[in-house]
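As provided, start30.txt (compact mmCIF, C-alpha atoms) reads as follows.
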# COMPACT_ATOMS: atom_id res chain seq x y z
CA MET A 1 0.00 0.00 0.00
CA VAL A 2 2.79 2.41 0.89
CA VAL A 3 4.50 1.65 -2.42
CA ASP A 4 1.40 2.98 -4.21
CA PHE A 5 1.96 6.41 -2.66
CA ASP A 6 5.53 6.68 -4.03
CA MET A 7 4.56 8.12 -7.41
CA ASP A 8 8.04 8.95 -8.71
CA GLY A 9 9.68 5.76 -7.42
CA ASP A 10 12.48 7.45 -5.47
CA GLY A 11 11.67 5.63 -2.22
CA VAL A 12 10.57 8.81 -0.43
CA ILE A 13 6.92 9.63 0.08
CA THR A 14 6.34 13.38 0.08
CA GLU A 15 3.30 15.40 1.12
CA SER A 16 2.51 16.20 -2.52
CA GLU A 17 2.53 12.49 -3.42
CA ILE A 18 0.17 11.72 -0.54
CA ALA A 19 -2.13 14.58 -1.56
CA ARG A 20 -2.07 13.47 -5.21
CA LYS A 21 -2.86 9.84 -4.28
CA GLU A 22 -5.71 10.92 -1.98
CA ARG A 23 -7.11 13.09 -4.79
CA MET A 24 -6.91 10.17 -7.23
CA LEU A 25 -8.70 7.87 -4.77
CA GLU A 26 -11.40 10.51 -4.25
CA ILE A 27 -11.92 10.82 -8.00
CA GLU A 28 -12.10 7.02 -8.40
CA LEU A 29 -14.69 6.73 -5.62
CA ARG A 30 -16.74 9.56 -7.13
CA GLU A 31 -16.65 7.82 -10.52
CA GLU A 32 -17.77 4.49 -9.00
CA LYS A 33 -20.64 6.26 -7.24
CA ALA A 34 -21.70 7.97 -10.47
CA GLN A 35 -21.65 4.65 -12.34
CA SER A 36 -23.79 3.00 -9.65
CA GLN A 37 -26.32 5.82 -9.78
CA LYS A 38 -26.41 5.66 -13.57
CA ARG A 39 -27.04 1.90 -13.48
CA MET A 40 -29.82 2.38 -10.93
CA ALA A 41 -31.52 5.03 -13.09
CA TRP A 42 -31.33 2.86 -16.21
CA ILE A 43 -32.77 -0.14 -14.36
CA ALA A 44 -35.63 2.03 -13.05
CA MET A 45 -36.42 3.24 -16.58
CA LEU A 46 -36.27 -0.27 -18.02
CA MET A 47 -38.54 -1.56 -15.24
CA MET A 48 -41.12 1.13 -16.02
CA ILE A 49 -41.01 0.28 -19.72
CA GLY A 50 -41.19 -3.46 -19.01
CA PHE A 51 -44.11 -3.19 -16.60
CA THR A 52 -45.97 -0.90 -18.99
CA GLY A 53 -45.55 -3.47 -21.74
CA LEU A 54 -46.65 -6.21 -19.38
CA LEU A 55 -49.77 -4.28 -18.35
CA PHE A 56 -50.85 -3.73 -21.96
CA SER A 57 -50.30 -7.36 -22.91
CA ASP A 58 -52.80 -10.15 -22.39
CA ILE A 59 -50.65 -11.83 -19.72
CA ILE A 60 -52.29 -9.96 -16.83
CA SER A 61 -56.08 -9.72 -16.66
CA GLU A 62 -57.84 -6.36 -16.48
CA THR A 63 -59.38 -7.18 -13.12
CA ARG A 64 -55.95 -7.83 -11.61
CA VAL A 65 -54.60 -4.57 -13.09
CA ALA A 66 -57.59 -2.71 -11.63
CA ALA A 67 -56.96 -4.30 -8.23
CA LEU A 68 -53.30 -3.30 -8.32
CA ALA A 69 -53.90 0.21 -9.71
CA ASP A 70 -52.96 2.07 -6.51
CA LEU A 71 -49.83 0.00 -6.00
CA LEU A 72 -48.79 0.42 -9.62
CA GLY A 73 -49.22 4.19 -9.32
CA LEU A 74 -46.84 4.22 -6.37
CA PHE A 75 -44.41 2.03 -8.30
CA TYR A 76 -44.29 4.48 -11.21
CA ILE A 77 -43.90 7.47 -8.87
CA ALA A 78 -41.00 5.78 -7.05
CA GLN A 79 -39.24 4.78 -10.26
CA THR A 80 -39.67 8.26 -11.71
CA GLY A 81 -38.25 9.72 -8.49
CA ILE A 82 -35.11 7.62 -8.89
CA VAL A 83 -34.63 8.76 -12.47
CA ALA A 84 -35.34 12.41 -11.59
CA ALA A 85 -32.92 12.34 -8.65
CA TYR A 86 -30.18 10.95 -10.90
CA MET A 87 -30.81 13.57 -13.57
CA GLY A 88 -30.89 16.37 -11.00
CA ALA A 89 -27.69 15.21 -9.31
CA THR A 90 -25.97 14.93 -12.69
CA ALA A 91 -27.06 18.42 -13.71
CA TYR A 92 -25.99 19.85 -10.35
CA GLY A 93 -22.62 18.11 -10.53
CA ALA A 94 -22.01 19.35 -14.06
CA GLY A 95 -22.40 22.95 -12.91
CA LYS A 96 -19.96 22.54 -10.01
CA PRO A 97 -16.21 22.81 -10.65
CA MET A 98 -14.33 19.57 -9.96
CA GLY A 99 -13.16 19.37 -6.37
CA ALA A 100 -14.91 22.56 -5.27
CA LYS A 101 -15.74 22.43 -1.57
CA THR A 102 -17.60 25.75 -1.47
CA LYS A 103 -21.31 26.15 -1.99
CA ASP A 104 -22.30 27.24 -5.50
CA MET A 105 -24.62 30.28 -5.29
CA ARG A 106 -26.07 30.30 -8.84
Using structure tokens, write down the structure from this file.
Amino acid sequence: MVVDFDMDGDGVITESEIARKERMLEIELREEKAQSQKRMAWIAMLMMIGFTGLLFSDIISETRVAALADLLGLFYIAQTGIVAAYMGATAYGAGKPMGAKTKDMR
């Protein structure tokens, strides 16, 4: 692990190498988080499309769809909330400079 911090390979770990490695780890974690959120939003959209197709097919009877109408409404609201939260977070993050710790007052 300590060898990873020695960026220039001289055997001495300086403060700048530690700071650079910490910054790289922070960027990698941020990227992993963004990829997870993106996957979650895509799955939510695909589930909404799949369930809509299932509801309009002849697989599920109309009486069962009518009985589940309230639950299905909540399902669509929840899935839309996931997609909207992802899109909002992405738009907010795009407007923020990379690594900025201060609050953006736009």
Which residue of A:Ala67, A:Leu72, A:Ala34, A:Ile18 approaches A:Met87 most closely, using all atoms listed in the file: A:Ala34
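Taking atom CA of A:Gly73 and atom CA of A:Gln37 as endpoints, the distance between them is 23.0 Å.
The gap separating atom CA of A:Ile43 from atom CA of A:Gly81 is 12.7 Å, in Å to one decimal.
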With all atoms listed in the file as the counted atoms, please give the residues lying no more than 12 Å from stretch 48-50 of chain A, apart from itself and same-chain residues fewer than 5 positions off, as an MDAnalysis selection string. chainID A and resid 41:43 55:57 72:83
Generate a file of the selected residues that holds C-alpha atoms, formatted as a CSV table (one decimal), in the coordinates of the input.
chain,number,residue,atom,x,y,z
A,41,ALA,CA,-31.5,5.0,-13.1
A,42,TRP,CA,-31.3,2.9,-16.2
A,43,ILE,CA,-32.8,-0.1,-14.4
A,55,LEU,CA,-49.8,-4.3,-18.4
A,56,PHE,CA,-50.8,-3.7,-22.0
A,57,SER,CA,-50.3,-7.4,-22.9
A,72,LEU,CA,-48.8,0.4,-9.6
A,73,GLY,CA,-49.2,4.2,-9.3
A,74,LEU,CA,-46.8,4.2,-6.4
A,75,PHE,CA,-44.4,2.0,-8.3
A,76,TYR,CA,-44.3,4.5,-11.2
A,77,ILE,CA,-43.9,7.5,-8.9
A,78,ALA,CA,-41.0,5.8,-7.0
A,79,GLN,CA,-39.2,4.8,-10.3
A,80,THR,CA,-39.7,8.3,-11.7
A,81,GLY,CA,-38.2,9.7,-8.5
A,82,ILE,CA,-35.1,7.6,-8.9
A,83,VAL,CA,-34.6,8.8,-12.5
Among the residues A:Gly53, A:Leu71, A:Lys38, A:Glu26, the one that comes closest to A:Thr90 [using all atoms listed in the file]: A:Lys38
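The space between atom CA of A:Arg23 and atom CA of A:Gln35 spans 18.4 Å.
Proximity ranking of A:Val12, A:Ala84, A:Leu25, A:Ala91 relative to A:Ala44 places A:Ala84 first, based on all atoms listed in the file.
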